[in-house]
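Right, one structure below, let's go through it.
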Amino acid sequence: MGLREHVPIGIMRELHRWAAHLMVITVWLHMYRVFLTGSYKPPREFNWNVGVILLVLTLLLSFTGYLLPWDQLAVWAITVGTNMARATPFLGHEGPGAALLSIGGLDFVHAGDDVRFGLLAGRFVGEGALLRFYVLHCVGIPLAAATLMAIHFWRVRKDGGISGPL
Ligand code: HEM
């Protein structure tokens, strides 16, 4: 199972793991440099917003990829991570406002249909969650990120190229 046994050239797993860490660090550094050069200001506000979504997608790639080794660390890390989604306002069954979404004792947001259930395709980290995270990691998020990166690069040119120090 996995990158180590089935992919030629035995260092693919390590390359992918290190590159993933570097990507998260690099995106944060990029955002910091864009902030320092004031490039969030007109005419680049649109590209800053595209960037914010790219940052979130990068973190989601990291999060979904963490489950894929399917070992104890992966299962329990994603258990902890997705447990936080219980407390999402209105969308998590333990979150503020969820109790308001109830009529005559009928709860609209409960453990069997809240945002955590949607993430995990179930009430706990199981086969449904693995499949969902795999498809998100390999197809869904890369497609969304690639599309936004194309827009991001196009906007860099459109907004007059990269800006220098103030
Ligand atoms: C997957 C994530 C991202 C990729 C691949 C990416 C890539 C790039 C590249 C190649 C450039 C042109 C070169 C440069 O300015 O360094 C650029 C510019 C820019 N990026 Fe990103 N970026 C990402 C995330 C972000 C984030 C998180 C932000 C901010 C929230 C952001 C905001 C901007 C802005 C405003 C510019 C224009 C900078 C200027 O013209 O001075 N990007 N991006």
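By order of appearance in the structure tokens: chains A, B, ..., then residues from 1 within every chain, and ligands from 1 in the order shown.
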
Which region 36-130 of chain A residues have any atom within 12 Å of an atom of region 13-19 of chain A, and for each, what is the nearest pair of atoms with distance in Å to one decimal, counting only C-alpha atoms, rows sorted by chain and number, as CSV?
```
residue,atom,partner,partner_atom,distance
A:Thr58,CA,A:Ala19,CA,12.0
A:Leu61,CA,A:Arg17,CA,11.8
A:Ser62,CA,A:Arg17,CA,9.7
A:Gly65,CA,A:Arg17,CA,9.4
A:Tyr66,CA,A:Arg17,CA,9.9
A:Leu68,CA,A:Arg17,CA,11.7
A:Pro69,CA,A:Arg13,CA,10.3
```

_If we count only C-alpha atoms and set the cut-off at 12 Å, which residues sit around Pro142 (chain A), ignoring sequence neighbours fewer than 3 positions away in its own chain? Please answer as a ChimeraX atom specification._
/A:54,57-62,64-65,134-139,145-149

For the residues in the current selection, export N, CA and C atoms as an mmCIF file, in the first residue's frame.
```cif
data_model
loop_
_atom_site.group_PDB
_atom_site.id
_atom_site.type_symbol
_atom_site.label_atom_id
_atom_site.label_comp_id
_atom_site.auth_asym_id
_atom_site.auth_seq_id
_atom_site.Cartn_x
_atom_site.Cartn_y
_atom_site.Cartn_z
ATOM 1 N N LEU A 54 -6.074 30.488 -1.912
ATOM 2 C CA LEU A 54 -4.971 29.551 -2.197
ATOM 3 C C LEU A 54 -4.293 29.095 -0.906
ATOM 4 N N LEU A 57 -6.569 26.532 0.611
ATOM 5 C CA LEU A 57 -6.485 25.283 -0.154
ATOM 6 C C LEU A 57 -5.177 24.545 0.147
ATOM 7 N N THR A 58 -4.084 25.320 0.311
ATOM 8 C CA THR A 58 -2.795 24.699 0.646
ATOM 9 C C THR A 58 -2.889 23.985 1.995
ATOM 10 N N LEU A 59 -3.523 24.655 2.972
ATOM 11 C CA LEU A 59 -3.656 24.038 4.297
ATOM 12 C C LEU A 59 -4.584 22.822 4.243
ATOM 13 N N LEU A 60 -5.617 22.898 3.386
ATOM 14 C CA LEU A 60 -6.524 21.753 3.250
ATOM 15 C C LEU A 60 -5.829 20.572 2.568
ATOM 16 N N LEU A 61 -4.928 20.859 1.617
ATOM 17 C CA LEU A 61 -4.138 19.778 0.998
ATOM 18 C C LEU A 61 -3.316 19.077 2.071
ATOM 19 N N SER A 62 -2.704 19.904 2.943
ATOM 20 C CA SER A 62 -1.878 19.365 4.010
ATOM 21 C C SER A 62 -2.726 18.513 4.966
ATOM 22 N N THR A 64 -5.807 17.059 4.405
ATOM 23 C CA THR A 64 -6.359 15.837 3.802
ATOM 24 C C THR A 64 -5.249 14.812 3.562
ATOM 25 N N GLY A 65 -4.040 15.289 3.211
ATOM 26 C CA GLY A 65 -2.927 14.374 2.965
ATOM 27 C C GLY A 65 -2.489 13.648 4.227
ATOM 28 N N TYR A 134 -9.118 11.130 0.224
ATOM 29 C CA TYR A 134 -8.277 10.764 -0.923
ATOM 30 C C TYR A 134 -8.716 11.517 -2.175
ATOM 31 N N VAL A 135 -10.031 11.519 -2.430
ATOM 32 C CA VAL A 135 -10.544 12.199 -3.627
ATOM 33 C C VAL A 135 -10.329 13.704 -3.515
ATOM 34 N N LEU A 136 -10.561 14.260 -2.315
ATOM 35 C CA LEU A 136 -10.311 15.691 -2.131
ATOM 36 C C LEU A 136 -8.833 16.012 -2.356
ATOM 37 N N HIS A 137 -7.947 15.155 -1.807
ATOM 38 C CA HIS A 137 -6.512 15.423 -1.869
ATOM 39 C C HIS A 137 -5.963 15.283 -3.290
ATOM 40 N N CYS A 138 -6.453 14.283 -4.022
ATOM 41 C CA CYS A 138 -5.861 13.975 -5.334
ATOM 42 C C CYS A 138 -6.598 14.639 -6.488
ATOM 43 N N VAL A 139 -7.858 14.986 -6.311
ATOM 44 C CA VAL A 139 -8.631 15.520 -7.433
ATOM 45 C C VAL A 139 -9.232 16.895 -7.104
ATOM 46 N N ALA A 145 -7.149 24.462 -6.857
ATOM 47 C CA ALA A 145 -5.917 25.246 -6.670
ATOM 48 C C ALA A 145 -5.289 25.588 -8.018
ATOM 49 N N ALA A 146 -5.282 24.636 -8.961
ATOM 50 C CA ALA A 146 -4.675 24.899 -10.273
ATOM 51 C C ALA A 146 -5.434 26.008 -10.994
ATOM 52 N N THR A 147 -6.773 25.960 -10.910
ATOM 53 C CA THR A 147 -7.583 26.997 -11.555
ATOM 54 C C THR A 147 -7.274 28.366 -10.942
ATOM 55 N N LEU A 148 -7.243 28.405 -9.593
ATOM 56 C CA LEU A 148 -6.985 29.686 -8.929
ATOM 57 C C LEU A 148 -5.555 30.182 -9.171
ATOM 58 N N MET A 149 -4.602 29.251 -9.283
ATOM 59 C CA MET A 149 -3.216 29.672 -9.574
ATOM 60 C C MET A 149 -3.146 30.317 -10.953
#
```

*Taking the chain letters and numbering used in this document, name the residues of region 4-164 of chain A that DSSP puts in helix (DSSP H, G or I), as a ChimeraX atom specification.*
/A:4-6,12-36,45-67,72-87,98-100,115-120,127-158

_Give me the residues near region 31-42 of chain A as a list of chain:residue names, where near means some atom within 8 Å (using only C-alpha atoms) and where sequence neighbours in that chain fewer than 5 positions away do not count._
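Selected residues are A:Asn47, A:Trp48, A:Gly51, A:Ser163, A:Gly164, A:Pro165, A:Leu166.
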
Could you dump the residues just selected with all heavy atoms as a PDB file, in the first residue's frame?
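Saved to selection.pdb:
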```pdb
ATOM      1  N   ASN A  47      -6.212  40.049  -6.268  1.00  0.00           N
ATOM      2  CA  ASN A  47      -5.249  38.944  -6.218  1.00  0.00           C
ATOM      3  C   ASN A  47      -4.917  38.551  -4.784  1.00  0.00           C
ATOM      4  O   ASN A  47      -4.614  37.398  -4.511  1.00  0.00           O
ATOM      5  CB  ASN A  47      -3.984  39.323  -6.986  1.00  0.00           C
ATOM      6  CG  ASN A  47      -3.524  38.181  -7.866  1.00  0.00           C
ATOM      7  OD1 ASN A  47      -4.272  37.213  -8.063  1.00  0.00           O
ATOM      8  ND2 ASN A  47      -2.327  38.280  -8.399  1.00  0.00           N
ATOM      9  N   TRP A  48      -4.987  39.495  -3.854  1.00  0.00           N
ATOM     10  CA  TRP A  48      -4.789  39.165  -2.432  1.00  0.00           C
ATOM     11  C   TRP A  48      -5.889  38.185  -2.003  1.00  0.00           C
ATOM     12  O   TRP A  48      -5.619  37.188  -1.340  1.00  0.00           O
ATOM     13  CB  TRP A  48      -4.818  40.435  -1.591  1.00  0.00           C
ATOM     14  CG  TRP A  48      -4.794  40.173  -0.105  1.00  0.00           C
ATOM     15  CD1 TRP A  48      -5.871  40.012   0.718  1.00  0.00           C
ATOM     16  CD2 TRP A  48      -3.621  39.992   0.717  1.00  0.00           C
ATOM     17  NE1 TRP A  48      -5.451  39.758   2.000  1.00  0.00           N
ATOM     18  CE2 TRP A  48      -4.076  39.742   2.033  1.00  0.00           C
ATOM     19  CE3 TRP A  48      -2.250  40.030   0.465  1.00  0.00           C
ATOM     20  CZ2 TRP A  48      -3.202  39.532   3.091  1.00  0.00           C
ATOM     21  CZ3 TRP A  48      -1.379  39.820   1.539  1.00  0.00           C
ATOM     22  CH2 TRP A  48      -1.848  39.575   2.829  1.00  0.00           C
ATOM     23  N   GLY A  51      -5.325  34.906  -3.308  1.00  0.00           N
ATOM     24  CA  GLY A  51      -4.247  34.340  -2.500  1.00  0.00           C
ATOM     25  C   GLY A  51      -4.741  33.750  -1.189  1.00  0.00           C
ATOM     26  O   GLY A  51      -4.296  32.682  -0.778  1.00  0.00           O
ATOM     27  N   SER A 163       5.195  44.017  -7.445  1.00  0.00           N
ATOM     28  CA  SER A 163       5.625  45.307  -6.917  1.00  0.00           C
ATOM     29  C   SER A 163       6.911  45.138  -6.108  1.00  0.00           C
ATOM     30  O   SER A 163       7.127  44.098  -5.485  1.00  0.00           O
ATOM     31  CB  SER A 163       4.523  45.895  -6.041  1.00  0.00           C
ATOM     32  OG  SER A 163       4.129  44.939  -5.091  1.00  0.00           O
ATOM     33  N   GLY A 164       7.732  46.159  -6.100  1.00  0.00           N
ATOM     34  CA  GLY A 164       8.984  46.122  -5.338  1.00  0.00           C
ATOM     35  C   GLY A 164       8.766  46.664  -3.935  1.00  0.00           C
ATOM     36  O   GLY A 164       7.634  46.898  -3.518  1.00  0.00           O
ATOM     37  N   PRO A 165       9.858  46.870  -3.194  1.00  0.00           N
ATOM     38  CA  PRO A 165       9.746  47.446  -1.851  1.00  0.00           C
ATOM     39  C   PRO A 165       9.102  48.831  -1.901  1.00  0.00           C
ATOM     40  O   PRO A 165       9.221  49.501  -2.928  1.00  0.00           O
ATOM     41  CB  PRO A 165      11.200  47.556  -1.391  1.00  0.00           C
ATOM     42  CG  PRO A 165      11.965  46.603  -2.267  1.00  0.00           C
ATOM     43  CD  PRO A 165      11.224  46.548  -3.557  1.00  0.00           C
ATOM     44  N   LEU A 166       8.442  49.236  -0.826  1.00  0.00           N
ATOM     45  CA  LEU A 166       7.744  50.534  -0.818  1.00  0.00           C
ATOM     46  C   LEU A 166       8.749  51.668  -0.990  1.00  0.00           C
ATOM     47  O   LEU A 166       9.863  51.609  -0.509  1.00  0.00           O
ATOM     48  CB  LEU A 166       6.989  50.715   0.512  1.00  0.00           C
ATOM     49  CG  LEU A 166       5.885  49.697   0.754  1.00  0.00           C
ATOM     50  CD1 LEU A 166       5.297  49.901   2.143  1.00  0.00           C
ATOM     51  CD2 LEU A 166       4.814  49.809  -0.303  1.00  0.00           C
TER      52      LEU A 166
END
```

*Would you mind telling me which residue in A:Met23, A:Ala121, A:Ala111, A:Ala74 lies nearest to ligand 1 when using only C-alpha atoms and all ligand atoms?*
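Going through A:Met23, A:Ala121, A:Ala111, A:Ala74 one by one, the smallest distance to ligand 1 is for A:Met23.
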
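Closest to ligand 1 among A:Arg44, A:His6, A:Arg86, A:His21 is A:Arg44, based on only C-alpha atoms and all ligand atoms.
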
*Assign secondary structure with DSSP using the backbone only, and return the residues of region 6-153 of chain A in strand (DSSP E or B) as a PyMOL selection string.*
chain A and resi 102-103+106-107

*Choose the residue, out of A:Val27, A:Ala87, A:Leu106, A:Ala98, that has the smallest atom-to-atom separation from ligand 1; count only C-alpha atoms and all ligand atoms.*
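Closest residue, counting only C-alpha atoms and all ligand atoms: A:Val27.
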
*For each of A:Lys158, A:His30, A:Arg132, A:Arg116, take the minimum atom-to-atom distance to ligand 1, counting only C-alpha atoms and all ligand atoms, then give the residue where this is smallest.*
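The closest residue to ligand 1 is A:His30.
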
*Do you have the atom 24 (C, counted along the ligand's line) of ligand 1-CA of Asp159 (chain A) distance handy?*
15.6 Å

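Distances from A:Asp71, A:Asp107, A:Glu94, A:Glu45 to ligand 1 were compared using only C-alpha atoms and all ligand atoms, and the smallest one belongs to A:Glu45.
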
*Using only C-alpha atoms, pick whichever of A:Ile53, A:Val109, A:Leu73, A:Val115 has the shortest atom-to-atom distance to Ala85 (chain A).*
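Between A:Ile53, A:Val109, A:Leu73, A:Val115, the residue approaching Ala85 (chain A) most closely is A:Val115.
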
*Figure out the distance between atom 26 (C, counted along the ligand's line) of ligand 1 and CA of Val52 (chain A), please, to one decimal in Å.*
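So the answer is 5.1 Å.
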
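In this structure, CA of Thr82 (chain A) sits 21.6 Å away from CA of Ala144 (chain A).
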